[in-house]
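Student: Okay, so here is data-v5.txt, and as you'll see once you scroll down, it has compact mmCIF, C-alpha atoms and all ligand atoms.
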# COMPACT_ATOMS: atom_id res chain seq x y z
CA MET P 1 0.00 0.00 0.00
CA ARG P 2 2.84 2.32 0.89
CA GLU P 3 4.26 2.00 -2.63
CA GLN P 4 0.87 2.42 -4.28
CA VAL P 5 0.11 5.56 -2.30
CA ARG P 6 3.64 6.90 -2.80
CA ASP P 7 3.45 6.46 -6.60
CA ARG P 8 0.05 8.13 -6.76
CA LEU P 9 1.18 10.96 -4.52
CA ILE P 10 4.11 11.49 -6.87
CA THR P 11 1.91 11.54 -9.97
CA GLY P 12 -0.61 13.77 -8.18
CA ASP P 13 -3.45 11.25 -8.49
CA GLU P 14 -5.47 12.58 -5.58
CA GLN P 15 -8.59 10.53 -6.29
CA GLN P 16 -6.70 7.22 -6.32
CA CYS P 17 -4.86 8.12 -3.11
CA ARG P 18 -8.20 8.91 -1.50
CA ARG P 19 -9.64 5.65 -2.74
CA ILE P 20 -6.78 3.57 -1.30
CA VAL P 21 -6.77 5.41 2.03
CA PHE P 22 -10.53 5.20 2.51
CA ASN P 23 -10.65 1.59 1.37
CA LEU P 24 -8.21 0.83 4.17
CA TYR P 25 -10.27 2.87 6.60
CA LEU P 26 -13.52 1.20 5.59
CA ALA P 27 -11.80 -2.18 5.87
CA GLY P 28 -11.20 -1.44 9.55
CA GLN P 29 -7.69 0.02 9.67
CA SER P 30 -7.40 2.88 12.13
CA ALA P 31 -6.39 6.35 10.97
CA CYS P 32 -3.30 5.87 13.12
CA GLU P 33 -2.32 2.67 11.27
CA ILE P 34 -2.95 4.30 7.89
CA CYS P 35 -0.71 7.22 8.86
CA ASP P 36 2.01 4.96 10.28
CA ARG P 37 2.13 2.24 7.66
CA VAL P 38 1.15 4.15 4.57
CA LEU P 39 1.38 7.95 4.57
CA THR P 40 4.45 8.54 6.75
CA LEU P 41 6.44 5.80 5.02
CA ALA P 42 5.38 7.09 1.60
CA PHE P 43 6.80 10.47 2.60
CA HIS P 44 10.04 8.97 3.76
CA ASP P 45 10.40 7.46 0.26
CA ILE P 46 9.43 10.75 -1.35
CA GLY P 47 12.07 12.59 0.75
CA ASN P 48 14.74 10.09 -0.30
CA ARG P 49 13.86 10.43 -3.97
CA TRP P 50 13.98 14.21 -3.71
CA LYS P 51 17.38 13.97 -2.01
CA CYS P 52 18.70 11.78 -4.82
CA GLY P 53 17.43 14.30 -7.38
CA GLU P 54 14.84 11.84 -8.70
CA LEU P 55 11.89 14.03 -7.80
CA THR P 56 11.08 17.58 -8.77
CA ILE P 57 10.12 19.98 -5.99
CA TYR P 58 6.63 20.59 -7.31
CA ARG P 59 5.79 16.88 -7.09
CA GLU P 60 6.89 16.78 -3.46
CA ARG P 61 4.88 19.89 -2.60
CA ARG P 62 1.82 18.58 -4.42
CA ALA P 63 2.12 15.29 -2.52
CA CYS P 64 2.08 17.31 0.73
CA VAL P 65 -1.05 19.18 -0.31
CA ILE P 66 -2.84 15.93 -1.19
CA SER P 67 -1.79 14.31 2.08
CA LEU P 68 -2.99 17.26 4.12
CA LYS P 69 -6.37 16.98 2.38
CA LEU P 70 -6.55 13.25 3.14
CA LEU P 71 -5.62 13.80 6.78
CA HIS P 72 -8.33 16.42 6.97
CA GLU P 73 -10.88 14.03 5.47
CA LEU P 74 -9.88 11.25 7.85
CA ARG P 75 -10.25 13.77 10.66
CA MET P 76 -13.83 14.38 9.52
CA ALA P 77 -14.43 10.63 9.40
CA VAL P 78 -13.19 9.73 12.90
CA ARG P 79 -15.60 10.20 15.76
CA THR P 80 -16.12 13.72 17.09
CA PRO P 81 -14.59 14.05 20.57
CA LEU P 82 -17.06 14.45 23.43
CA PRO P 83 -17.31 17.97 24.93
CA GLU P 84 -15.87 16.67 28.20
CA ALA P 85 -12.94 14.93 26.46
CA PRO P 86 -9.43 15.96 27.57
CA VAL P 87 -7.98 18.84 25.57
CA ALA P 88 -4.70 18.68 23.66
CA ILE P 89 -3.08 21.37 21.56
CA GLY P 90 0.23 21.49 19.80
CA GLY P 91 2.27 22.59 16.86
CA SER P 92 5.76 23.53 15.77
CA LEU P 93 7.89 26.43 16.93
CA SER P 94 9.29 29.27 14.84
CA CYS P 95 11.13 28.39 11.62
CA ASP P 96 9.68 24.88 11.56
CA PRO P 97 7.30 24.64 8.58
CA TYR P 98 6.43 20.94 8.78
CA ARG P 99 2.65 20.61 8.79
CA LEU P 100 2.10 16.89 8.19
CA PRO P 101 3.37 15.67 11.59
CA ASN P 102 1.07 18.12 13.39
CA SER P 103 -2.01 17.24 11.34
CA ARG P 104 -1.19 13.62 11.93
CA ILE P 105 -0.84 13.97 15.70
CA GLU P 106 -4.12 15.88 15.83
CA LEU P 107 -5.89 13.14 13.88
CA VAL P 108 -4.48 10.30 15.98
CA LEU P 109 -5.36 11.99 19.27
CA ARG P 110 -8.88 12.73 18.04
CA GLU P 111 -9.27 9.11 17.05
CA LEU P 112 -8.31 8.24 20.63
CA GLY P 113 -11.06 10.52 21.93
CA TRP P 114 -9.09 13.67 22.69
CA GLN P 115 -10.26 17.16 21.78
CA ALA P 116 -7.04 17.75 19.89
CA THR P 117 -6.25 20.84 17.85
CA SER P 118 -3.14 21.59 15.84
CA LEU P 119 -2.24 25.26 16.11
CA GLY P 120 -0.07 24.91 13.01
CA THR P 121 3.57 25.61 12.32
CA SER P 122 6.19 28.38 12.76
CA LEU P 123 4.46 29.50 15.94
CA PRO P 124 5.89 32.20 18.19
CA THR P 125 6.31 30.89 21.74
CA ALA P 126 4.18 33.69 23.19
CA THR P 127 1.12 32.67 21.24
CA ILE P 128 1.41 29.02 22.22
CA GLY P 129 1.60 30.27 25.83
CA GLU P 130 -1.63 32.22 25.27
CA ALA P 131 -3.34 29.15 23.84
CA VAL P 132 -2.20 27.07 26.82
CA ARG P 133 -3.67 29.60 29.24
CA ASP P 134 -6.91 29.94 27.23
CA SER P 135 -7.76 26.22 27.26
CA ARG P 136 -8.28 23.71 30.03
CA LEU P 137 -5.31 21.85 28.70
CA ARG P 138 -4.22 18.31 29.56
CA LEU P 139 -1.58 17.86 26.89
CA LEU P 140 0.72 20.11 24.91
CA TRP P 141 2.62 18.50 22.05
CA LEU P 142 5.57 20.05 20.27
CA SER P 143 6.67 18.62 16.98
CA VAL P 144 10.24 19.44 16.00
CA SER P 145 11.15 18.59 12.41
CA TYR P 146 13.56 21.43 11.73
CA ILE P 147 15.79 23.40 14.10
CA GLU P 148 17.44 26.65 13.03
CA SER P 149 19.11 27.35 16.38
CA VAL P 150 19.38 24.76 19.14
CA PRO P 151 19.81 27.35 21.96
CA THR P 152 16.67 29.20 20.78
CA LEU P 153 14.70 25.95 20.62
CA LEU P 154 15.83 24.98 24.12
CA ALA P 155 14.93 28.41 25.55
CA GLU P 156 11.52 28.44 23.86
CA HIS P 157 10.80 24.92 24.93
CA ALA P 158 11.80 25.56 28.57
CA HIS P 159 9.50 28.60 28.66
CA LEU P 160 6.54 26.63 27.28
CA HIS P 161 7.21 23.66 29.50
CA ARG P 162 6.99 25.95 32.55
CA ILE P 163 3.70 27.49 31.40
CA ALA P 164 2.17 24.13 30.54
CA THR P 165 3.19 22.35 33.74
CA ASP P 166 1.98 25.35 35.80
CA THR P 167 -1.48 24.67 34.40
CA GLY P 168 -1.13 20.95 35.14
CA ALA P 169 -0.71 19.88 31.50
CA ALA P 170 1.75 17.25 30.29
CA VAL P 171 4.24 18.11 27.53
CA VAL P 172 5.01 15.57 24.82
CA VAL P 173 7.74 16.13 22.28
CA GLY P 174 8.70 14.34 19.10
CA GLY P 175 9.92 14.85 15.59
CA ARG P 176 12.80 13.91 13.36
CA ALA P 177 15.04 16.81 14.40
CA LEU P 178 15.11 15.91 18.09
CA THR P 179 18.35 14.04 18.55
CA ALA P 180 19.11 12.26 21.83
CA GLU P 181 21.64 14.99 22.62
CA ILE P 182 19.05 17.76 22.26
CA ARG P 183 16.44 15.82 24.18
CA GLN P 184 18.78 15.42 27.13
CA GLN P 185 18.68 19.20 27.55
CA MET P 186 14.90 19.39 27.46
CA ALA P 187 12.30 18.82 30.17
CA TYR P 188 9.24 16.91 28.97
CA SER P 189 6.67 14.46 30.26
CA ALA P 190 7.17 12.02 27.42
CA TYR P 191 9.04 11.65 24.16
CA ALA P 192 7.37 9.99 21.19
CA ARG P 193 9.20 6.66 21.50
CA GLU P 194 8.68 6.68 25.24
CA LEU P 195 4.89 6.89 25.06
CA LEU P 196 4.54 3.22 24.29
CA ARG P 197 6.99 2.32 27.06
CA LEU P 198 5.00 4.45 29.53
CA HIS P 199 1.77 2.76 28.48
CA GLN P 200 3.40 -0.62 28.98
CA ALA P 201 4.65 0.40 32.44
CA THR P 202 1.21 1.72 33.45
CA TYR P 203 -0.82 -1.26 32.19
CA PRO P 204 1.58 -4.24 32.54
CA ARG P 205 -1.19 -6.83 32.95
CA ASN P 206 -2.90 -5.76 29.75
CA TRP P 207 0.41 -5.96 27.88
CA ARG P 208 1.25 -9.40 29.31
CA TRP P 209 -2.14 -10.67 28.20
CA SER P 210 -1.81 -9.12 24.77
CA GLN P 211 1.73 -10.50 24.32
CA ALA P 212 0.52 -13.94 25.43
CA ALA P 213 -2.06 -13.87 22.61
CA VAL P 214 0.65 -13.02 20.07
CA ASP P 215 2.96 -15.75 21.47
CA HIS P 216 0.18 -18.32 21.24
CA ALA P 217 -0.64 -17.27 17.70
CA MET P 218 3.00 -17.51 16.61
CA LEU P 219 3.61 -20.87 18.29
CA ARG P 220 0.35 -22.63 17.42
CA GLY P 221 -0.47 -20.82 14.21
CA TYR P 222 -3.93 -19.58 15.15
CA LEU P 223 -6.09 -17.61 17.60
CA TRP P 224 -9.77 -18.05 18.28
CA THR P 225 -12.74 -16.23 19.76
CA VAL P 226 -15.03 -17.46 22.56
CA PHE P 227 -17.29 -19.12 19.96
CA GLY P 228 -14.41 -20.61 17.98
CA TRP P 229 -14.02 -18.13 15.11
CA ARG P 230 -10.40 -18.54 14.03
CA VAL P 231 -7.63 -16.50 12.51
CA GLN P 232 -4.81 -18.48 10.92
CA VAL P 233 -1.31 -17.07 11.16
CA GLY P 234 0.42 -16.80 7.80
CA ALA P 235 3.76 -15.49 6.61
CA GLU P 236 2.21 -12.03 6.21
CA SER P 237 0.68 -11.88 9.71
CA ASN P 238 1.43 -8.79 11.71
CA PRO P 239 1.95 -9.11 15.50
CA ARG P 240 -0.01 -5.90 16.11
CA SER P 241 -3.04 -7.26 14.24
CA LEU P 242 -2.76 -10.52 16.20
CA ALA P 243 -2.61 -8.58 19.49
CA ASN P 244 -5.74 -6.74 18.38
CA PHE P 245 -7.63 -9.88 17.35
CA PRO P 246 -9.06 -10.84 20.78
CA MET P 247 -10.63 -7.38 21.19
CA GLN P 248 -11.91 -6.94 17.66
CA ALA P 249 -13.09 -10.48 17.03
CA ASN P 250 -14.76 -10.97 20.41
CA GLY P 251 -16.40 -7.56 19.94
CA ALA P 252 -17.77 -8.92 16.66
CA GLU P 253 -19.00 -12.06 18.47
CA MET P 254 -20.85 -9.86 20.95
CA LEU P 255 -22.56 -7.88 18.23
CA ARG P 256 -23.45 -11.04 16.29
CA LEU P 257 -25.03 -12.56 19.39
CA ALA P 258 -26.84 -9.30 20.21
CA CYS P 259 -28.29 -9.26 16.65
CA CYS P 260 -29.48 -12.87 17.05
CA LEU P 261 -31.05 -12.26 20.47
CA ALA P 262 -32.75 -9.05 19.38
CA THR P 263 -34.09 -10.60 16.14
CA GLU P 264 -35.38 -13.70 17.94
CA ARG P 265 -37.21 -11.39 20.37
CA GLY P 266 -39.08 -9.80 17.50
CA ILE P 267 -37.06 -6.60 17.18
CA SER P 268 -36.60 -5.36 13.64
CA VAL P 269 -32.81 -5.02 13.34
CA CYS P 270 -31.97 -2.97 10.22
CA CYS P 271 -28.19 -3.38 10.44
CA PRO P 272 -25.21 -3.24 12.77
CA ILE P 273 -23.25 0.02 12.63
CA HIS P 274 -19.71 -0.69 13.76
CA ASP P 275 -20.39 -1.38 17.47
CA ALA P 276 -24.06 -0.33 17.51
CA LEU P 277 -27.39 -1.67 16.26
CA LEU P 278 -29.83 0.26 14.11
CA ILE P 279 -33.38 -0.91 14.77
CA GLU P 280 -36.83 0.28 13.73
CA ALA P 281 -40.24 0.15 15.43
CA ASP P 282 -43.53 2.06 15.46
CA ALA P 283 -43.18 5.47 17.12
CA ASP P 284 -45.25 4.48 20.15
CA GLU P 285 -43.23 1.28 20.67
CA ILE P 286 -39.75 2.53 19.99
CA GLU P 287 -38.79 3.10 23.64
CA THR P 288 -39.72 -0.49 24.55
CA ALA P 289 -37.90 -1.83 21.48
CA ALA P 290 -34.79 0.23 22.33
CA ALA P 291 -34.82 -1.04 25.92
CA ALA P 292 -35.21 -4.65 24.71
CA THR P 293 -32.30 -4.17 22.29
CA GLN P 294 -30.12 -2.78 25.07
CA ALA P 295 -31.06 -5.78 27.21
CA ALA P 296 -30.05 -8.11 24.34
CA MET P 297 -26.70 -6.30 24.00
CA LEU P 298 -26.09 -6.50 27.75
CA GLU P 299 -26.84 -10.21 27.71
CA ALA P 300 -24.52 -10.75 24.74
CA SER P 301 -21.66 -9.00 26.57
CA ARG P 302 -22.31 -11.14 29.65
CA VAL P 303 -22.11 -14.34 27.60
CA VAL P 304 -18.97 -13.36 25.69
CA LEU P 305 -17.14 -11.70 28.58
CA ASN P 306 -17.78 -14.35 31.18
CA GLY P 307 -20.30 -12.34 33.20
CA PHE P 308 -18.91 -8.84 32.61
CA GLU P 309 -21.59 -6.41 31.42
CA LEU P 310 -20.95 -3.63 28.93
CA ARG P 311 -23.22 -0.60 29.16
CA THR P 312 -24.85 0.92 26.09
CA ASP P 313 -26.71 4.10 25.30
CA ALA P 314 -29.56 4.70 22.85
CA LYS P 315 -30.51 7.49 20.47
CA ILE P 316 -34.11 7.60 19.24
CA VAL P 317 -35.05 9.36 16.00
CA ARG P 318 -38.72 9.97 15.14
CA TYR P 319 -40.44 10.98 11.93
CA PRO P 320 -40.03 13.52 10.28
CA ASP P 321 -36.40 13.52 11.46
CA ARG P 322 -34.07 10.97 9.93
CA TYR P 323 -30.96 9.30 11.26
CA SER P 324 -27.70 10.87 10.25
CA ASP P 325 -24.42 11.34 12.06
CA PRO P 326 -22.35 14.48 11.44
CA ARG P 327 -19.21 12.33 11.88
CA GLY P 328 -20.24 10.29 8.87
CA GLU P 329 -21.43 13.03 6.53
CA ARG P 330 -18.07 13.66 4.89
CA LEU P 331 -17.32 9.95 4.60
CA TRP P 332 -20.78 9.42 3.09
CA GLU P 333 -20.06 12.09 0.46
CA ILE P 334 -16.69 10.49 -0.33
CA VAL P 335 -18.21 7.01 -0.68
CA MET P 336 -21.06 8.31 -2.86
CA ALA P 337 -18.56 10.17 -5.08
CA ILE P 338 -16.54 6.94 -5.49
CA VAL P 339 -19.73 4.98 -6.25
CA ALA P 340 -20.76 7.58 -8.85
CA GLU P 341 -17.30 7.43 -10.40
CA LEU P 342 -17.39 3.63 -10.51
CA GLY P 343 -20.83 3.82 -12.10
CA GLN P 344 -19.47 6.08 -14.82
CA ALA P 345 -16.44 3.84 -15.36
CA GLU P 346 -18.69 0.79 -15.68
CA ALA P 347 -20.92 2.65 -18.13
CA VAL P 348 -17.86 3.45 -20.28
CA GLU P 349 -16.68 -0.18 -20.06
CA ASP P 350 -20.14 -1.40 -21.09
CA ARG P 351 -20.11 0.90 -24.10
CA VAL P 352 -16.61 -0.31 -25.07
CA THR P 353 -17.60 -3.98 -24.70
CA PHE P 354 -20.76 -3.37 -26.65
C1 LIG R 1 7.51 17.55 2.92
C2 LIG R 1 8.94 17.89 3.24
C3 LIG R 1 9.30 19.23 3.27
C4 LIG R 1 8.28 20.36 3.09
C5 LIG R 1 7.31 20.45 4.28
C6 LIG R 1 5.99 21.04 3.81
C7 LIG R 1 4.97 21.12 4.91
N1 LIG R 1 4.21 22.18 4.83
O1 LIG R 1 4.85 20.26 5.77
C8 LIG R 1 9.20 21.63 2.95
C9 LIG R 1 9.11 22.10 1.53
C10 LIG R 1 8.93 22.77 3.87
C11 LIG R 1 10.58 21.04 3.24
C12 LIG R 1 11.66 21.86 3.31
C13 LIG R 1 12.95 21.42 3.55
N2 LIG R 1 13.35 20.15 3.69
CO1 LIG R 1 12.10 18.70 3.86
N3 LIG R 1 11.12 17.07 3.75
C14 LIG R 1 9.86 16.86 3.53
C15 LIG R 1 9.58 15.35 3.56
C16 LIG R 1 9.51 14.82 2.14
C17 LIG R 1 8.33 14.90 4.29
C18 LIG R 1 8.21 15.44 5.72
C19 LIG R 1 6.96 14.92 6.35
O2 LIG R 1 6.03 15.67 6.56
N4 LIG R 1 6.91 13.61 6.64
C20 LIG R 1 5.74 12.96 7.21
C21 LIG R 1 5.81 13.03 8.74
C22 LIG R 1 4.45 12.61 9.29
O3 LIG R 1 6.80 12.10 9.17
P1 LIG R 1 7.98 12.51 10.15
O4 LIG R 1 8.42 13.88 9.87
O5 LIG R 1 8.98 11.42 10.10
O6 LIG R 1 7.29 12.55 11.58
C23 LIG R 1 7.10 11.36 12.31
C24 LIG R 1 7.81 11.33 13.62
O7 LIG R 1 8.92 12.17 13.64
C25 LIG R 1 6.77 11.63 14.65
N5 LIG R 1 6.62 12.97 15.15
C26 LIG R 1 6.86 14.15 14.58
N6 LIG R 1 6.58 15.14 15.42
C27 LIG R 1 6.12 14.58 16.55
C28 LIG R 1 5.65 15.17 17.73
C29 LIG R 1 5.17 14.34 18.74
C30 LIG R 1 4.71 14.94 20.01
C31 LIG R 1 5.16 12.93 18.57
C32 LIG R 1 4.61 12.04 19.62
C33 LIG R 1 5.63 12.36 17.39
C34 LIG R 1 6.12 13.20 16.40
O8 LIG R 1 5.55 11.33 14.06
C35 LIG R 1 5.64 11.33 12.65
C36 LIG R 1 4.95 10.08 12.16
O9 LIG R 1 5.60 8.91 12.45
C37 LIG R 1 10.85 14.85 4.34
C38 LIG R 1 11.18 13.39 4.08
C39 LIG R 1 10.87 12.50 5.28
N7 LIG R 1 11.70 11.56 5.48
O10 LIG R 1 9.93 12.68 6.01
C40 LIG R 1 11.89 15.87 3.89
C41 LIG R 1 13.09 16.15 4.77
C42 LIG R 1 12.70 16.17 6.24
N8 LIG R 1 13.54 17.53 4.33
C43 LIG R 1 14.76 17.66 4.26
C44 LIG R 1 15.40 18.85 3.87
C45 LIG R 1 16.91 18.77 3.66
C46 LIG R 1 14.69 20.03 3.67
C47 LIG R 1 15.26 21.43 3.36
C48 LIG R 1 16.52 21.80 4.15
C49 LIG R 1 15.50 21.49 1.86
C50 LIG R 1 16.11 22.80 1.36
N9 LIG R 1 17.33 22.67 0.91
O11 LIG R 1 15.50 23.83 1.38
C51 LIG R 1 14.09 22.35 3.69
C52 LIG R 1 14.16 22.86 5.13
C53 LIG R 1 13.18 23.96 5.34
C54 LIG R 1 12.96 24.22 6.76
N10 LIG R 1 12.93 25.46 7.17
O12 LIG R 1 12.79 23.29 7.52
C55 LIG R 1 15.51 16.42 4.68
C56 LIG R 1 16.08 16.53 6.09
C57 LIG R 1 17.46 15.91 6.18
C58 LIG R 1 18.01 15.99 7.59
N11 LIG R 1 18.92 15.12 7.85
O13 LIG R 1 17.62 16.76 8.39
C59 LIG R 1 14.40 15.31 4.52
C60 LIG R 1 14.55 14.10 5.48
C61 LIG R 1 14.48 14.81 3.06
C62 LIG R 1 15.70 13.96 2.83
N12 LIG R 1 15.57 12.65 2.75
O14 LIG R 1 16.78 14.47 2.68
N13 LIG R 1 10.57 19.76 3.40
Take the structure in the file and give it back as structure tokens.
Ligand code: B12

Tutor:
Amino acid sequence: MREQVRDRLITGDEQQCRRIVFNLYLAGQSACEICDRVLTLAFHDIGNRWKCGELTIYRERRACVISLKLLHELRMAVRTPLPEAPVAIGGSLSCDPYRLPNSRIELVLRELGWQATSLGTSLPTATIGEAVRDSRLRLLWLSVSYIESVPTLLAEHAHLHRIATDTGAAVVVGGRALTAEIRQQMAYSAYARELLRLHQATYPRNWRWSQAAVDHAMLRGYLWTVFGWRVQVGAESNPRSLANFPMQANGAEMLRLACCLATERGISVCCPIHDALLIEADADEIETAAAATQAAMLEASRVVLNGFELRTDAKIVRYPDRYSDPRGERLWEIVMAIVAELGQAEAVEDRVTF
């Protein structure tokens, strides 16, 4: 995928890039995985080609513009953070023009449920300080891709670190320009590579369990869900996907069982939506039907999770209103545009065949 996206970024084929990225997203890859495994790596290749003189500047710049659009569209597609979600802001300091890392961090944090906002690039320290004071901040990130003067960066960073920690916020730093030597002179709550280590130190039991699943998969060649749904381990298997399998696949079991229970109890289940159920009933019966569906979902979680109950919430929509989710509007438009384009392509093919 990385190569496909890279080649299309280089040729400026925005529509194909969008199609690949959203196909991955619709197939269940997280925005974070798409950024990590596809977009960032594609840009590393693009940078190397530019360095070797194999790529003209305009192609690199155009690739950046396309990627920023895609990151923005993915941002529209991931769930909207709740109003009470923790707030994160960040950006890059003066002379650092690199926008992609900041857009990417914003997207990934939003996907994780943060109210994250990138303030942009080449920011004067004073204005970041103002933003820190203006928001009930939990996290300030600083992305450092280019450093003009190390002493200036260190002074600016120390100033911001003081302001942020005074308000109780954590400071996270990262970026290609931060060498170990520079980092040693900086105060920060976490550095990009350390985040994972900190998570592992905070939740050791979860990580032991997750690693045990990967070890089992690698040794025995398969993993299974509570009802016996299997994944076979092949040469292409990725340890991170295997670690994710127990959560994702048992979540699917729960939803499957909830659909069965609800249907058998006479509820009209229209379709599952990711981790929710869309049902329909007459207006005067909808509350009862919603409560019965929630009971079915609770029961399904109890069966799959050995007695543990997962809570749910319900949203009821009555005529003349219709169900729509602002988080999905942009994605809906993108999918419909792709469908329309495919329809046209098929029509042309039909004419040619004819
Ligand atoms: C696009 C680009 C530019 C664009 C940026 C446009 C924009 N608006 O964003 C522009 C045109 C400005 C540019 C300019 C230059 N560039 Co340039 N550029 C790139 C390129 C191709 C992609 C950068 C990018 O966005 N990558 C995608 C991001 C998402 O990946 P990333 O930077 O690796 O970031 C990851 C991590 O560092 C981490 N991260 C980053 N920040 C943070 C923060 C936190 C808190 C956390 C947790 C994580 C984190 O997360 C990211 C995802 O994994 C890179 C090649 C490359 N290897 O990336 C060259 C590259 C960085 N550029 C390079 C160079 C040389 C330059 C110029 C000096 C060229 C020149 N002669 O003018 C100028 C410098 C201008 C300046 N003032 O900085 C070199 C740097 C070499 C070096 N050793 O430092 C590179 C590596 C190309 C190369 N292979 O030679 N560039």

Student: Could you name the residues that touch Val144 in chain P at 8 Å or less, counting only C-alpha atoms, but leaving out those on the same chain fewer than 2 positions away, as a VMD selection string?

Tutor: chain P and resid 92 to 93 96 142 146 to 147 173 to 178

Student: List as a PyMOL selection string the protein and nucleic acid residues lying within 7 Å of ligand LIG 1 (chain R), with only C-alpha atoms and all ligand atoms counted.

Tutor: chain P and resi 36+40+43-48+50-51+60-61+64+95-102+104-105+141-146+172-177+191-192

Student: List the spatial neighbours of Ser118 in chain P as a PyMOL selection string - criterion: any atom at most 7 Å away, all atoms listed in the file, same-chain residues fewer than 2 positions off excluded.

Tutor: chain P and resi 89-91+102-103+106+116+120

Student: Counting all atoms listed in the file, which of P:Ala27, P:Leu139, P:Leu305, P:Ala314 gets nearest to Ala289 in chain P?

Tutor: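 Once distances to Ala289 in chain P are computed over all atoms listed in the file, the minimum belongs to P:Ala314.
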
Student: Quick one: distance from CA of Asn250 in chain P to CA of Leu223 in chain P in Å, one decimal?

Tutor: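 One can read the CA of Asn250 in chain P to CA of Leu223 in chain P distance as 11.3 Å.
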
Student: Residues around (3.8, -7.3, 15.1), cut-off 12 Å, counting all atoms listed in the file - what are they as a PDB file with C-alpha atoms, in the frame of the given file?

Tutor:
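As a result, result-v4.pdb now contains:
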ATOM      1  CA  SER P 210      -1.810  -9.120  24.770  1.00  0.00           C
ATOM      2  CA  GLN P 211       1.730 -10.500  24.320  1.00  0.00           C
ATOM      3  CA  ALA P 213      -2.060 -13.870  22.610  1.00  0.00           C
ATOM      4  CA  VAL P 214       0.650 -13.020  20.070  1.00  0.00           C
ATOM      5  CA  ASP P 215       2.960 -15.750  21.470  1.00  0.00           C
ATOM      6  CA  ALA P 217      -0.640 -17.270  17.700  1.00  0.00           C
ATOM      7  CA  MET P 218       3.000 -17.510  16.610  1.00  0.00           C
ATOM      8  CA  VAL P 233      -1.310 -17.070  11.160  1.00  0.00           C
ATOM      9  CA  ALA P 235       3.760 -15.490   6.610  1.00  0.00           C
ATOM     10  CA  GLU P 236       2.210 -12.030   6.210  1.00  0.00           C
ATOM     11  CA  SER P 237       0.680 -11.880   9.710  1.00  0.00           C
ATOM     12  CA  ASN P 238       1.430  -8.790  11.710  1.00  0.00           C
ATOM     13  CA  PRO P 239       1.950  -9.110  15.500  1.00  0.00           C
ATOM     14  CA  ARG P 240      -0.010  -5.900  16.110  1.00  0.00           C
ATOM     15  CA  SER P 241      -3.040  -7.260  14.240  1.00  0.00           C
ATOM     16  CA  LEU P 242      -2.760 -10.520  16.200  1.00  0.00           C
ATOM     17  CA  ALA P 243      -2.610  -8.580  19.490  1.00  0.00           C
ATOM     18  CA  ASN P 244      -5.740  -6.740  18.380  1.00  0.00           C
ATOM     19  CA  PHE P 245      -7.630  -9.880  17.350  1.00  0.00           C
TER      20      PHE P 245
END

Student: Hey, can you check how far CA of Ala169 in chain P sits from CA of Gln200 in chain P?

Tutor: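 Answer for the CA of Ala169 in chain P to CA of Gln200 in chain P separation: 21.1 Å.
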
Student: Can you work out which one of P:Leu331, P:Cys270, P:Val226, P:Leu198 has the shortest atom-to-atom distance to Arg75 in chain P, counting all atoms listed in the file?

Tutor: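 Closest to Arg75 in chain P, using all atoms listed in the file: P:Leu331.
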
Student: Nearest residue to Glu14 in chain P out of P:Ala300, P:Leu68, P:Ala276, P:Ala42, using only C-alpha atoms?

Tutor: P:Leu68

Student: Please report the interatomic distance between CA of Val87 in chain P and CA of Asp166 in chain P in Å with one decimal.

Tutor: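 According to the coordinates, CA of Val87 in chain P and CA of Asp166 in chain P are separated by 15.7 Å.
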
Student: Residues around (-41.2, 2.7, 18.0), cut-off 12 Å, counting all atoms listed in the file - what are they as a list in words?

Tutor: Ile267, Ser268, Ile279, Glu280, Ala281, Asp282, Ala283, Asp284, Glu285, Ile286, Glu287, Thr288, Ala289, Ala290, Ala291, Ala292, Lys315, Ile316, Val317, Arg318 and Tyr319 of chain P

Student: Point out the residue among P:Cys260, P:Ile20, P:Val150, P:Val108 with the least atom-to-atom distance to Glu299 in chain P, counting all atoms listed in the file.

Tutor: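 Answer, going by the shortest atom-to-atom distance: P:Cys260.
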
Student: Adding 6 Å on each side of the box along x, y and z that holds all listed atoms of range 5-16 of chain P, could you give its centre and edge lengths in Å to one decimal, as AutoDock Vina command-line options?

Tutor:
--center_x -2.2 --center_y 9.7 --center_z -6.1 --size_x 24.7 --size_y 20.2 --size_z 19.7
